[in-house]
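Student: Input run.pdb, format and content: PDB, C-alpha atoms.
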```pdb
ATOM      1  CA  GLY Q1215       6.388  -2.845 -18.975  1.00  0.00           C
ATOM      2  CA  ALA Q1216       8.608  -0.698 -16.797  1.00  0.00           C
ATOM      3  CA  GLY Q1217       6.026  -0.277 -14.064  1.00  0.00           C
ATOM      4  CA  VAL Q1218       2.503  -1.185 -13.020  1.00  0.00           C
ATOM      5  CA  SER Q1219       0.031   0.515 -15.322  1.00  0.00           C
ATOM      6  CA  GLN Q1220      -3.575   1.261 -14.380  1.00  0.00           C
ATOM      7  CA  SER Q1221      -6.407   2.616 -16.479  1.00  0.00           C
ATOM      8  CA  PRO Q1222      -8.371   4.753 -16.502  1.00  0.00           C
ATOM      9  CA  SER Q1223      -6.623   7.274 -14.303  1.00  0.00           C
ATOM     10  CA  ASN Q1224      -9.940   8.779 -13.294  1.00  0.00           C
ATOM     11  CA  LYS Q1225     -13.475   7.484 -13.666  1.00  0.00           C
ATOM     12  CA  VAL Q1226     -16.714   9.292 -12.936  1.00  0.00           C
ATOM     13  CA  THR Q1227     -19.875   7.228 -12.999  1.00  0.00           C
ATOM     14  CA  GLU Q1228     -23.474   7.410 -11.933  1.00  0.00           C
ATOM     15  CA  LYS Q1229     -24.841   5.443  -9.028  1.00  0.00           C
ATOM     16  CA  GLY Q1230     -26.048   2.044 -10.192  1.00  0.00           C
ATOM     17  CA  LYS Q1231     -23.728   1.752 -13.184  1.00  0.00           C
ATOM     18  CA  ASP Q1232     -21.060  -0.942 -13.571  1.00  0.00           C
ATOM     19  CA  VAL Q1233     -17.375  -0.018 -13.895  1.00  0.00           C
ATOM     20  CA  GLU Q1234     -14.244  -1.902 -14.929  1.00  0.00           C
ATOM     21  CA  LEU Q1235     -10.784  -0.959 -13.750  1.00  0.00           C
ATOM     22  CA  ARG Q1236      -7.701  -2.365 -15.437  1.00  0.00           C
ATOM     23  CA  CYS Q1237      -4.256  -3.251 -14.117  1.00  0.00           C
ATOM     24  CA  ASP Q1238      -1.235  -4.247 -16.186  1.00  0.00           C
ATOM     25  CA  PRO Q1239       1.465  -5.623 -13.856  1.00  0.00           C
ATOM     26  CA  ILE Q1240       5.217  -5.527 -14.269  1.00  0.00           C
ATOM     27  CA  SER Q1241       6.314  -8.158 -16.749  1.00  0.00           C
ATOM     28  CA  GLY Q1242       7.367 -11.334 -14.985  1.00  0.00           C
ATOM     29  CA  HIS Q1243       5.547 -10.572 -11.744  1.00  0.00           C
ATOM     30  CA  THR Q1244       3.435 -13.569 -10.797  1.00  0.00           C
ATOM     31  CA  ALA Q1245       1.559 -11.928  -7.921  1.00  0.00           C
ATOM     32  CA  LEU Q1246      -1.036  -9.180  -8.324  1.00  0.00           C
ATOM     33  CA  TYR Q1247      -2.951  -7.298  -5.634  1.00  0.00           C
ATOM     34  CA  TRP Q1248      -5.854  -4.859  -5.551  1.00  0.00           C
ATOM     35  CA  TYR Q1249      -6.270  -2.337  -2.734  1.00  0.00           C
ATOM     36  CA  ARG Q1250      -8.825   0.373  -2.035  1.00  0.00           C
ATOM     37  CA  GLN Q1251      -7.899   3.736  -0.548  1.00  0.00           C
ATOM     38  CA  ARG Q1252     -10.729   5.846   0.796  1.00  0.00           C
ATOM     39  CA  LEU Q1253     -10.164   9.553   1.280  1.00  0.00           C
ATOM     40  CA  GLY Q1254      -7.784  10.210   4.166  1.00  0.00           C
ATOM     41  CA  GLN Q1255      -7.294   6.528   4.874  1.00  0.00           C
ATOM     42  CA  GLY Q1256      -4.659   3.871   4.382  1.00  0.00           C
ATOM     43  CA  LEU Q1257      -5.018   1.088   1.871  1.00  0.00           C
ATOM     44  CA  GLU Q1258      -7.434  -1.811   2.368  1.00  0.00           C
ATOM     45  CA  PHE Q1259      -6.648  -5.174   0.794  1.00  0.00           C
ATOM     46  CA  LEU Q1260      -9.243  -6.415  -1.694  1.00  0.00           C
ATOM     47  CA  ILE Q1261      -7.952  -9.426  -3.635  1.00  0.00           C
ATOM     48  CA  TYR Q1262      -4.746 -11.314  -4.441  1.00  0.00           C
ATOM     49  CA  PHE Q1263      -3.746 -13.415  -7.460  1.00  0.00           C
ATOM     50  CA  GLN Q1264      -0.718 -15.706  -7.530  1.00  0.00           C
ATOM     51  CA  GLY Q1265       0.038 -17.396 -10.825  1.00  0.00           C
ATOM     52  CA  ASN Q1266      -2.645 -19.920 -11.710  1.00  0.00           C
ATOM     53  CA  SER Q1267      -3.712 -20.525  -8.105  1.00  0.00           C
ATOM     54  CA  ALA Q1268      -7.204 -19.700  -6.914  1.00  0.00           C
ATOM     55  CA  PRO Q1269      -7.347 -16.018  -5.923  1.00  0.00           C
ATOM     56  CA  ASP Q1270      -7.764 -14.869  -2.341  1.00  0.00           C
ATOM     57  CA  LYS Q1271     -10.973 -12.826  -2.427  1.00  0.00           C
ATOM     58  CA  SER Q1272     -11.245 -12.392   1.332  1.00  0.00           C
ATOM     59  CA  GLY Q1273     -10.964  -8.602   1.191  1.00  0.00           C
ATOM     60  CA  LEU Q1274     -13.758  -7.947  -1.285  1.00  0.00           C
ATOM     61  CA  PRO Q1275     -16.365  -5.860   0.600  1.00  0.00           C
ATOM     62  CA  SER Q1276     -19.461  -7.228  -1.145  1.00  0.00           C
ATOM     63  CA  ASP Q1277     -20.591  -9.488  -3.970  1.00  0.00           C
ATOM     64  CA  ARG Q1278     -20.801  -6.426  -6.207  1.00  0.00           C
ATOM     65  CA  PHE Q1279     -17.007  -6.564  -6.416  1.00  0.00           C
ATOM     66  CA  SER Q1280     -15.206  -9.122  -8.575  1.00  0.00           C
ATOM     67  CA  ALA Q1281     -11.840  -9.436 -10.275  1.00  0.00           C
ATOM     68  CA  GLU Q1282     -10.286 -11.558 -12.949  1.00  0.00           C
ATOM     69  CA  ARG Q1283      -6.786 -12.242 -14.113  1.00  0.00           C
ATOM     70  CA  THR Q1284      -5.717 -14.401 -17.026  1.00  0.00           C
ATOM     71  CA  GLY Q1285      -2.477 -16.199 -16.220  1.00  0.00           C
ATOM     72  CA  GLU Q1286       0.164 -13.699 -15.192  1.00  0.00           C
ATOM     73  CA  SER Q1287      -1.114 -10.815 -17.257  1.00  0.00           C
ATOM     74  CA  VAL Q1288      -3.708  -8.090 -17.032  1.00  0.00           C
ATOM     75  CA  SER Q1289      -6.296  -7.990 -14.272  1.00  0.00           C
ATOM     76  CA  THR Q1290      -9.716  -6.348 -14.282  1.00  0.00           C
ATOM     77  CA  LEU Q1291     -11.589  -5.251 -11.164  1.00  0.00           C
ATOM     78  CA  THR Q1292     -15.317  -4.933 -11.761  1.00  0.00           C
ATOM     79  CA  ILE Q1293     -17.756  -3.111  -9.511  1.00  0.00           C
ATOM     80  CA  GLN Q1294     -21.407  -3.716 -10.294  1.00  0.00           C
ATOM     81  CA  ARG Q1295     -24.277  -1.373  -9.378  1.00  0.00           C
ATOM     82  CA  THR Q1296     -21.874   1.216  -7.986  1.00  0.00           C
ATOM     83  CA  GLN Q1297     -22.770   3.048  -4.780  1.00  0.00           C
ATOM     84  CA  GLN Q1298     -21.484   6.378  -3.502  1.00  0.00           C
ATOM     85  CA  GLU Q1299     -19.475   4.597  -0.809  1.00  0.00           C
ATOM     86  CA  ASP Q1300     -17.476   2.914  -3.584  1.00  0.00           C
ATOM     87  CA  SER Q1301     -15.854   6.283  -4.333  1.00  0.00           C
ATOM     88  CA  ALA Q1302     -12.147   5.804  -3.652  1.00  0.00           C
ATOM     89  CA  VAL Q1303      -8.769   5.318  -5.294  1.00  0.00           C
ATOM     90  CA  TYR Q1304      -8.255   1.726  -6.402  1.00  0.00           C
ATOM     91  CA  LEU Q1305      -4.589   0.741  -6.428  1.00  0.00           C
ATOM     92  CA  CYS Q1306      -3.015  -2.281  -8.033  1.00  0.00           C
ATOM     93  CA  ALA Q1307       0.361  -3.764  -7.111  1.00  0.00           C
ATOM     94  CA  SER Q1308       2.486  -6.630  -8.365  1.00  0.00           C
ATOM     95  CA  SER Q1309       5.438  -8.595  -7.051  1.00  0.00           C
ATOM     96  CA  THR Q1310       7.560 -11.623  -7.778  1.00  0.00           C
ATOM     97  CA  SER Q1311       6.930 -14.820  -5.838  1.00  0.00           C
ATOM     98  CA  VAL Q1312      10.381 -14.651  -4.301  1.00  0.00           C
ATOM     99  CA  VAL Q1313      10.746 -11.079  -3.067  1.00  0.00           C
ATOM    100  CA  ASN Q1314       7.787  -9.679  -1.142  1.00  0.00           C
ATOM    101  CA  ILE Q1315       8.147  -6.075  -2.258  1.00  0.00           C
ATOM    102  CA  GLN Q1316       4.941  -4.839  -3.854  1.00  0.00           C
ATOM    103  CA  TYR Q1317       5.236  -2.285  -6.642  1.00  0.00           C
ATOM    104  CA  PHE Q1318       2.210  -0.063  -7.085  1.00  0.00           C
ATOM    105  CA  GLY Q1319       0.522   1.658  -9.986  1.00  0.00           C
ATOM    106  CA  ALA Q1320      -0.805   5.208  -9.808  1.00  0.00           C
ATOM    107  CA  GLY Q1321      -4.336   4.016  -9.169  1.00  0.00           C
ATOM    108  CA  THR Q1322      -7.765   4.776 -10.563  1.00  0.00           C
ATOM    109  CA  ARG Q1323      -9.770   7.475  -8.812  1.00  0.00           C
ATOM    110  CA  LEU Q1324     -13.411   6.386  -8.923  1.00  0.00           C
ATOM    111  CA  SER Q1325     -16.101   8.966  -8.243  1.00  0.00           C
ATOM    112  CA  VAL Q1326     -19.695   7.752  -7.977  1.00  0.00           C
ATOM    113  CA  LEU Q1327     -22.232  10.547  -8.301  1.00  0.00           C
TER     114      LEU Q1327
ATOM    115  CA  ALA M1490      -5.369  -9.546  13.118  1.00  0.00           C
ATOM    116  CA  GLN M1491      -2.576  -7.059  12.724  1.00  0.00           C
ATOM    117  CA  THR M1492      -3.041  -3.326  13.230  1.00  0.00           C
ATOM    118  CA  VAL M1493      -0.787  -0.423  12.328  1.00  0.00           C
ATOM    119  CA  THR M1494      -1.086   2.980  13.998  1.00  0.00           C
ATOM    120  CA  GLN M1495       0.377   6.259  12.837  1.00  0.00           C
ATOM    121  CA  SER M1496      -0.376   8.840  15.496  1.00  0.00           C
ATOM    122  CA  GLN M1497       0.760  11.926  13.576  1.00  0.00           C
ATOM    123  CA  PRO M1498      -1.771  12.909  10.903  1.00  0.00           C
ATOM    124  CA  GLU M1499       0.364  15.831   9.739  1.00  0.00           C
ATOM    125  CA  MET M1500       3.926  17.042  10.213  1.00  0.00           C
ATOM    126  CA  SER M1501       6.128  19.733   8.772  1.00  0.00           C
ATOM    127  CA  VAL M1502       9.878  20.215   8.613  1.00  0.00           C
ATOM    128  CA  GLN M1503      12.218  22.876   7.336  1.00  0.00           C
ATOM    129  CA  GLU M1504      14.241  22.016   4.295  1.00  0.00           C
ATOM    130  CA  ALA M1505      17.597  20.409   5.232  1.00  0.00           C
ATOM    131  CA  GLU M1506      16.363  19.523   8.724  1.00  0.00           C
ATOM    132  CA  THR M1507      15.632  16.074  10.154  1.00  0.00           C
ATOM    133  CA  VAL M1508      12.174  14.692  10.900  1.00  0.00           C
ATOM    134  CA  THR M1509      10.955  11.461  12.486  1.00  0.00           C
ATOM    135  CA  LEU M1510       7.622   9.831  11.668  1.00  0.00           C
ATOM    136  CA  SER M1511       6.144   7.426  14.207  1.00  0.00           C
ATOM    137  CA  CYS M1512       4.551   4.030  13.671  1.00  0.00           C
ATOM    138  CA  THR M1513       3.428   1.367  16.104  1.00  0.00           C
ATOM    139  CA  TYR M1514       1.908  -1.989  15.295  1.00  0.00           C
ATOM    140  CA  ASP M1515       0.246  -4.857  17.041  1.00  0.00           C
ATOM    141  CA  THR M1516       0.827  -8.507  16.184  1.00  0.00           C
ATOM    142  CA  SER M1517       1.241 -11.859  17.856  1.00  0.00           C
ATOM    143  CA  GLU M1518       3.605 -13.005  15.117  1.00  0.00           C
ATOM    144  CA  SER M1519       7.360 -13.173  15.719  1.00  0.00           C
ATOM    145  CA  ASN M1520       8.512 -12.998  12.127  1.00  0.00           C
ATOM    146  CA  TYR M1521       7.286 -10.295   9.794  1.00  0.00           C
ATOM    147  CA  TYR M1522       8.276  -7.409   7.553  1.00  0.00           C
ATOM    148  CA  LEU M1523       7.717  -3.710   8.033  1.00  0.00           C
ATOM    149  CA  PHE M1524       7.666  -1.107   5.289  1.00  0.00           C
ATOM    150  CA  TRP M1525       7.491   2.615   4.801  1.00  0.00           C
ATOM    151  CA  TYR M1526       5.821   3.762   1.588  1.00  0.00           C
ATOM    152  CA  LYS M1527       5.681   7.310   0.251  1.00  0.00           C
ATOM    153  CA  GLN M1528       2.652   8.566  -1.709  1.00  0.00           C
ATOM    154  CA  PRO M1529       3.195  11.888  -3.490  1.00  0.00           C
ATOM    155  CA  PRO M1530       0.290  13.752  -5.135  1.00  0.00           C
ATOM    156  CA  SER M1531       0.754  11.542  -8.196  1.00  0.00           C
ATOM    157  CA  ARG M1532      -0.870   8.798  -6.026  1.00  0.00           C
ATOM    158  CA  GLN M1533       1.727   6.139  -6.813  1.00  0.00           C
ATOM    159  CA  MET M1534       2.946   4.329  -3.700  1.00  0.00           C
ATOM    160  CA  ILE M1535       6.739   4.242  -3.656  1.00  0.00           C
ATOM    161  CA  LEU M1536       8.701   1.952  -1.358  1.00  0.00           C
ATOM    162  CA  VAL M1537      11.026   3.942   0.891  1.00  0.00           C
ATOM    163  CA  ILE M1538      12.481   1.266   3.132  1.00  0.00           C
ATOM    164  CA  ARG M1539      11.900  -2.309   4.320  1.00  0.00           C
ATOM    165  CA  GLN M1540      12.829  -3.992   7.617  1.00  0.00           C
ATOM    166  CA  GLU M1541      12.868  -7.704   8.377  1.00  0.00           C
ATOM    167  CA  ALA M1542      11.824  -8.371  11.964  1.00  0.00           C
ATOM    168  CA  TYR M1543      14.478 -11.043  12.542  1.00  0.00           C
ATOM    169  CA  LYS M1544      17.235  -8.531  11.781  1.00  0.00           C
ATOM    170  CA  GLN M1545      18.322  -6.423  14.734  1.00  0.00           C
ATOM    171  CA  GLN M1546      20.174  -3.943  12.559  1.00  0.00           C
ATOM    172  CA  ASN M1547      18.066  -0.975  11.521  1.00  0.00           C
ATOM    173  CA  ALA M1548      17.572  -0.580   7.769  1.00  0.00           C
ATOM    174  CA  THR M1549      18.935   2.501   6.006  1.00  0.00           C
ATOM    175  CA  GLU M1550      18.502   3.854   2.487  1.00  0.00           C
ATOM    176  CA  ASN M1551      20.493   6.999   1.831  1.00  0.00           C
ATOM    177  CA  ARG M1552      18.757   9.812   3.791  1.00  0.00           C
ATOM    178  CA  PHE M1553      16.118   7.444   5.182  1.00  0.00           C
ATOM    179  CA  SER M1554      16.618   5.243   8.222  1.00  0.00           C
ATOM    180  CA  VAL M1555      14.404   3.432  10.680  1.00  0.00           C
ATOM    181  CA  ASN M1556      14.425   2.877  14.419  1.00  0.00           C
ATOM    182  CA  PHE M1557      13.001  -0.608  14.848  1.00  0.00           C
ATOM    183  CA  GLN M1558      12.140  -1.540  18.432  1.00  0.00           C
ATOM    184  CA  LYS M1559      10.691  -5.042  18.267  1.00  0.00           C
ATOM    185  CA  ALA M1560       9.799  -5.371  21.932  1.00  0.00           C
ATOM    186  CA  ALA M1561       7.989  -2.048  21.876  1.00  0.00           C
ATOM    187  CA  LYS M1562       6.458  -2.821  18.449  1.00  0.00           C
ATOM    188  CA  SER M1563       7.660   0.509  17.175  1.00  0.00           C
ATOM    189  CA  PHE M1564       8.978   1.339  13.705  1.00  0.00           C
ATOM    190  CA  SER M1565       9.796   5.017  13.180  1.00  0.00           C
ATOM    191  CA  LEU M1566      11.175   6.599  10.019  1.00  0.00           C
ATOM    192  CA  LYS M1567      13.873   9.271  10.143  1.00  0.00           C
ATOM    193  CA  ILE M1568      14.397  11.516   7.161  1.00  0.00           C
ATOM    194  CA  SER M1569      17.657  13.450   7.225  1.00  0.00           C
ATOM    195  CA  ASP M1570      18.474  16.550   5.169  1.00  0.00           C
ATOM    196  CA  SER M1571      14.812  16.922   4.166  1.00  0.00           C
ATOM    197  CA  GLN M1572      14.187  17.976   0.588  1.00  0.00           C
ATOM    198  CA  LEU M1573      11.166  19.582  -1.066  1.00  0.00           C
ATOM    199  CA  GLY M1574      10.609  16.363  -2.992  1.00  0.00           C
ATOM    200  CA  ASP M1575      10.032  14.526   0.287  1.00  0.00           C
ATOM    201  CA  THR M1576       6.653  16.270   0.617  1.00  0.00           C
ATOM    202  CA  ALA M1577       4.128  13.413   0.502  1.00  0.00           C
ATOM    203  CA  MET M1578       1.928  11.087   2.525  1.00  0.00           C
ATOM    204  CA  TYR M1579       3.956   8.439   4.315  1.00  0.00           C
ATOM    205  CA  PHE M1580       2.418   5.077   5.161  1.00  0.00           C
ATOM    206  CA  CYS M1581       3.747   2.450   7.516  1.00  0.00           C
ATOM    207  CA  ALA M1582       2.813  -1.115   6.564  1.00  0.00           C
ATOM    208  CA  PHE M1583       3.086  -4.637   7.989  1.00  0.00           C
ATOM    209  CA  MET M1584       3.340  -8.033   6.297  1.00  0.00           C
ATOM    210  CA  MET M1585       3.611 -11.475   7.864  1.00  0.00           C
ATOM    211  CA  ALA M1586       6.638 -13.509   6.882  1.00  0.00           C
ATOM    212  CA  TYR M1587       5.250 -16.998   6.477  1.00  0.00           C
ATOM    213  CA  SER M1588       3.624 -18.665   3.504  1.00  0.00           C
ATOM    214  CA  GLY M1589      -0.009 -19.017   4.327  1.00  0.00           C
ATOM    215  CA  ALA M1590      -3.413 -17.440   4.037  1.00  0.00           C
ATOM    216  CA  GLY M1591      -3.190 -13.689   4.267  1.00  0.00           C
ATOM    217  CA  SER M1592       0.576 -13.656   4.609  1.00  0.00           C
ATOM    218  CA  TYR M1593       1.052 -11.531   1.507  1.00  0.00           C
ATOM    219  CA  GLN M1594      -1.380  -8.797   2.512  1.00  0.00           C
ATOM    220  CA  LEU M1595       0.020  -5.441   3.456  1.00  0.00           C
ATOM    221  CA  THR M1596      -1.746  -3.870   6.427  1.00  0.00           C
ATOM    222  CA  PHE M1597      -1.395  -0.093   6.321  1.00  0.00           C
ATOM    223  CA  GLY M1598      -1.623   2.725   8.831  1.00  0.00           C
ATOM    224  CA  LYS M1599      -3.684   5.799   8.012  1.00  0.00           C
ATOM    225  CA  GLY M1600      -0.647   7.800   6.992  1.00  0.00           C
ATOM    226  CA  THR M1601       1.241  10.957   7.967  1.00  0.00           C
ATOM    227  CA  LYS M1602       1.156  13.968   5.687  1.00  0.00           C
ATOM    228  CA  LEU M1603       4.644  15.471   5.600  1.00  0.00           C
ATOM    229  CA  SER M1604       5.266  18.969   4.301  1.00  0.00           C
ATOM    230  CA  VAL M1605       8.809  20.180   3.696  1.00  0.00           C
ATOM    231  CA  ILE M1606       8.982  23.956   4.007  1.00  0.00           C
ATOM    232  CA  PRO M1607      11.537  25.892   1.950  1.00  0.00           C
TER     233      PRO M1607
END
```
Now, as a test, write the supplied structure out as C-alpha cells.
Tutor:
Amino acid sequence: GAGVSQSPSNKVTEKGKDVELRCDPISGHTALYWYRQRLGQGLEFLIYFQGNSAPDKSGLPSDRFSAERTGESVSTLTIQRTQQEDSAVYLCASSTSVVNIQYFGAGTRLSVL
Amino acid sequence: AQTVTQSQPEMSVQEAETVTLSCTYDTSESNYYLFWYKQPPSRQMILVIRQEAYKQQNATENRFSVNFQKAAKSFSLKISDSQLGDTAMYFCAFMMAYSGAGSYQLTFGKGTKLSVIP
C-alpha cells in the first residue's frame, strides 16, 4: 500500500479483556516496529521484526504483550488481560533494510476502562 | 543507554515568523542519526528532517533546518516562515548507526507542542 495502515483506529475495551491490534506495512519494507505512546509522552520501543529473523522483543513491558508477523507482511500486536495502564496510542512503523527511515502509521488509540 | 531531552513542552510562534525547537541528547556512541518527527492531531508521525552524525553540514529541507552541535550534543530545529499547518507536536529522536542489537530503535524525547498563531 501507499503507507503504513493500522486498525482499528480506536479501541475501547474492558479491563481484563484481550485485544489485537493490526499493522499493514508499506509493501516491500522488510522491517517492522511497534511503539507505545502514553499520553503526553514520547514513543517507547516495543518490538522489532526484520524479515525472517527472530524478532527483538526487548521492549515488551510484560508477558501479557506479544506480537507476530508472517514473513514481510501484516503484524498483530496482542495484549492479554488488559490493564488500565495499557491505555495508550500504539504506533507501527516500517522501513527498508537499507535506509533507516521509519515510516509510521496513524496508530491505534487503546482505552482500557 | 541513550537519552533525548526536549526542554520546551510548549511553544508558540506568529505565522510567517521563525521558531527554534531545542533538543539535547546523551550517548557514548560516535556514529548515529538524529531525526525530527512531526505529529499533527491525526497522530501519524511524519519525518521532518534527518541528520547523520558524521556529516558536519547541517541538514535542510525547505523551510526546516537544523543546528547540529556534536560536541555539545545539541540538535535544534529551525522552522522559517511558519505556517498554520506547522501546528503539531515535534519529537526529536536518536538512532545508533551500527548493525547490532538495539541499533534500529528510535529513542524519542517527550516532544514540544508548537502552535502557529495567525
Student: Using all atoms listed in the file, tabulate the residues of chain M lying at most 8 Å from any atom of chain Q, each with its closest atom pair and that distance in Å to one decimal, by chain and increasing residue number, as JSON lines.
Tutor:
```
{"residue": "M:Ser1531", "atom": "CA", "partner": "Q:Ala1320", "partner_atom": "CA", "distance": 6.7}
{"residue": "M:Arg1532", "atom": "CA", "partner": "Q:Ala1320", "partner_atom": "CA", "distance": 5.2}
{"residue": "M:Gln1533", "atom": "CA", "partner": "Q:Ala1320", "partner_atom": "CA", "distance": 4.0}
{"residue": "M:Met1534", "atom": "CA", "partner": "Q:Phe1318", "partner_atom": "CA", "distance": 5.6}
{"residue": "M:Ile1535", "atom": "CA", "partner": "Q:Phe1318", "partner_atom": "CA", "distance": 7.1}
{"residue": "M:Leu1536", "atom": "CA", "partner": "Q:Tyr1317", "partner_atom": "CA", "distance": 7.6}
{"residue": "M:Phe1580", "atom": "CA", "partner": "Q:Gly1256", "partner_atom": "CA", "distance": 7.2}
{"residue": "M:Tyr1593", "atom": "CA", "partner": "Q:Asn1314", "partner_atom": "CA", "distance": 7.5}
{"residue": "M:Gln1594", "atom": "CA", "partner": "Q:Phe1259", "partner_atom": "CA", "distance": 6.6}
{"residue": "M:Leu1595", "atom": "CA", "partner": "Q:Phe1259", "partner_atom": "CA", "distance": 7.2}
{"residue": "M:Thr1596", "atom": "CA", "partner": "Q:Glu1258", "partner_atom": "CA", "distance": 7.3}
{"residue": "M:Phe1597", "atom": "CA", "partner": "Q:Gly1256", "partner_atom": "CA", "distance": 5.5}
{"residue": "M:Gly1598", "atom": "CA", "partner": "Q:Gly1256", "partner_atom": "CA", "distance": 5.5}
{"residue": "M:Lys1599", "atom": "CA", "partner": "Q:Gly1256", "partner_atom": "CA", "distance": 4.2}
{"residue": "M:Gly1600", "atom": "CA", "partner": "Q:Gly1256", "partner_atom": "CA", "distance": 6.2}
```
Student: With all atoms listed in the file as the basis for distance, which of M:Pro1529, M:Tyr1579, M:Ala1586, M:Gly1574 is at the shortest distance from Glu1504 (chain M)?
Tutor: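 Closest candidate: M:Gly1574.
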Student: Between CA of Thr1227 (chain Q) and CA of Leu1324 (chain Q), measure the distance and give it in Å to one decimal.
Tutor: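 A separation of 7.7 Å between them.
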Student: Using only C-alpha atoms, determine which residues lie at most 9 Å from region 1513-1518 of chain M, disregarding the query and same-chain residues fewer than 5 positions distant; provide the list as a PyMOL selection string.
Tutor: chain M and resi 1490-1496+1561-1565+1581-1583+1585-1586+1598
Student: Quick one: distance from CA of Tyr1304 (chain Q) to CA of Glu1499 (chain M) in Å, one decimal?
Tutor: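 It comes out at 23.1 Å.
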Student: Taking the file as shown, find all residues satisfying the PyMOL selection byres ((chain Q and resi 1229-1244) around 7) and write them as an NGL selection string.
Tutor: :Q and (1215-1222 or 1227-1228 or 1245-1246 or 1264-1265 or 1286-1298 or 1306 or 1308-1311 or 1326-1327)
Student: Would you mind exporting C-alpha atoms of the selected residues as an mmCIF file, keeping the file's coordinate frame?
Tutor:
```
data_model
loop_
_atom_site.group_PDB
_atom_site.id
_atom_site.type_symbol
_atom_site.label_atom_id
_atom_site.label_comp_id
_atom_site.auth_asym_id
_atom_site.auth_seq_id
_atom_site.Cartn_x
_atom_site.Cartn_y
_atom_site.Cartn_z
ATOM 1 C CA GLY Q 1215 6.388 -2.845 -18.975
ATOM 2 C CA ALA Q 1216 8.608 -0.698 -16.797
ATOM 3 C CA GLY Q 1217 6.026 -0.277 -14.064
ATOM 4 C CA VAL Q 1218 2.503 -1.185 -13.020
ATOM 5 C CA SER Q 1219 0.031 0.515 -15.322
ATOM 6 C CA GLN Q 1220 -3.575 1.261 -14.380
ATOM 7 C CA SER Q 1221 -6.407 2.616 -16.479
ATOM 8 C CA PRO Q 1222 -8.371 4.753 -16.502
ATOM 9 C CA THR Q 1227 -19.875 7.228 -12.999
ATOM 10 C CA GLU Q 1228 -23.474 7.410 -11.933
ATOM 11 C CA ALA Q 1245 1.559 -11.928 -7.921
ATOM 12 C CA LEU Q 1246 -1.036 -9.180 -8.324
ATOM 13 C CA GLN Q 1264 -0.718 -15.706 -7.530
ATOM 14 C CA GLY Q 1265 0.038 -17.396 -10.825
ATOM 15 C CA GLU Q 1286 0.164 -13.699 -15.192
ATOM 16 C CA SER Q 1287 -1.114 -10.815 -17.257
ATOM 17 C CA VAL Q 1288 -3.708 -8.090 -17.032
ATOM 18 C CA SER Q 1289 -6.296 -7.990 -14.272
ATOM 19 C CA THR Q 1290 -9.716 -6.348 -14.282
ATOM 20 C CA LEU Q 1291 -11.589 -5.251 -11.164
ATOM 21 C CA THR Q 1292 -15.317 -4.933 -11.761
ATOM 22 C CA ILE Q 1293 -17.756 -3.111 -9.511
ATOM 23 C CA GLN Q 1294 -21.407 -3.716 -10.294
ATOM 24 C CA ARG Q 1295 -24.277 -1.373 -9.378
ATOM 25 C CA THR Q 1296 -21.874 1.216 -7.986
ATOM 26 C CA GLN Q 1297 -22.770 3.048 -4.780
ATOM 27 C CA GLN Q 1298 -21.484 6.378 -3.502
ATOM 28 C CA CYS Q 1306 -3.015 -2.281 -8.033
ATOM 29 C CA SER Q 1308 2.486 -6.630 -8.365
ATOM 30 C CA SER Q 1309 5.438 -8.595 -7.051
ATOM 31 C CA THR Q 1310 7.560 -11.623 -7.778
ATOM 32 C CA SER Q 1311 6.930 -14.820 -5.838
ATOM 33 C CA VAL Q 1326 -19.695 7.752 -7.977
ATOM 34 C CA LEU Q 1327 -22.232 10.547 -8.301
#
```
Student: Nearest to Pro1607 (chain M): which of M:Phe1524, M:Arg1539, M:Asn1551, M:Glu1506 is it, counting all atoms listed in the file?
Tutor: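 For Pro1607 (chain M), the nearest of the given residues is M:Glu1506.
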Student: For a quick check of understanding, using only C-alpha atoms, which of Q:Leu1253, Q:Thr1284, Q:Lys1225, Q:Trp1248 has the smallest distance to Lys1271 (chain Q)?
Tutor: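 For Lys1271 (chain Q), the nearest of the given residues is Q:Trp1248.
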Student: Kindly resolve the PyMOL selection byres ((chain M and resi 1541-1545) around 10) on the present coordinates and return the residues as a tab-separated table (two decimals) with C-alpha atoms, in the coordinates of the input.
Tutor:
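For reference, selection.tsv as written:
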```
chain	number	residue	atom	x	y	z
M	1518	GLU	CA	3.60	-13.00	15.12
M	1519	SER	CA	7.36	-13.17	15.72
M	1520	ASN	CA	8.51	-13.00	12.13
M	1521	TYR	CA	7.29	-10.30	9.79
M	1522	TYR	CA	8.28	-7.41	7.55
M	1523	LEU	CA	7.72	-3.71	8.03
M	1524	PHE	CA	7.67	-1.11	5.29
M	1539	ARG	CA	11.90	-2.31	4.32
M	1540	GLN	CA	12.83	-3.99	7.62
M	1546	GLN	CA	20.17	-3.94	12.56
M	1547	ASN	CA	18.07	-0.98	11.52
M	1548	ALA	CA	17.57	-0.58	7.77
M	1557	PHE	CA	13.00	-0.61	14.85
M	1558	GLN	CA	12.14	-1.54	18.43
M	1559	LYS	CA	10.69	-5.04	18.27
M	1584	MET	CA	3.34	-8.03	6.30
M	1585	MET	CA	3.61	-11.48	7.86
M	1586	ALA	CA	6.64	-13.51	6.88
```
Student: CA of Arg1250 (chain Q) and CA of Ser1554 (chain M), how far apart in Å?
Tutor: 27.9 Å
Student: Could you check which of M:Thr1549, M:Asn1556, M:Thr1601, M:Thr1509 is closest to Ile1568 (chain M), using all atoms listed in the file?
Tutor: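 Looking only at the distances to Ile1568 (chain M), the closest residue turns out to be M:Thr1509.
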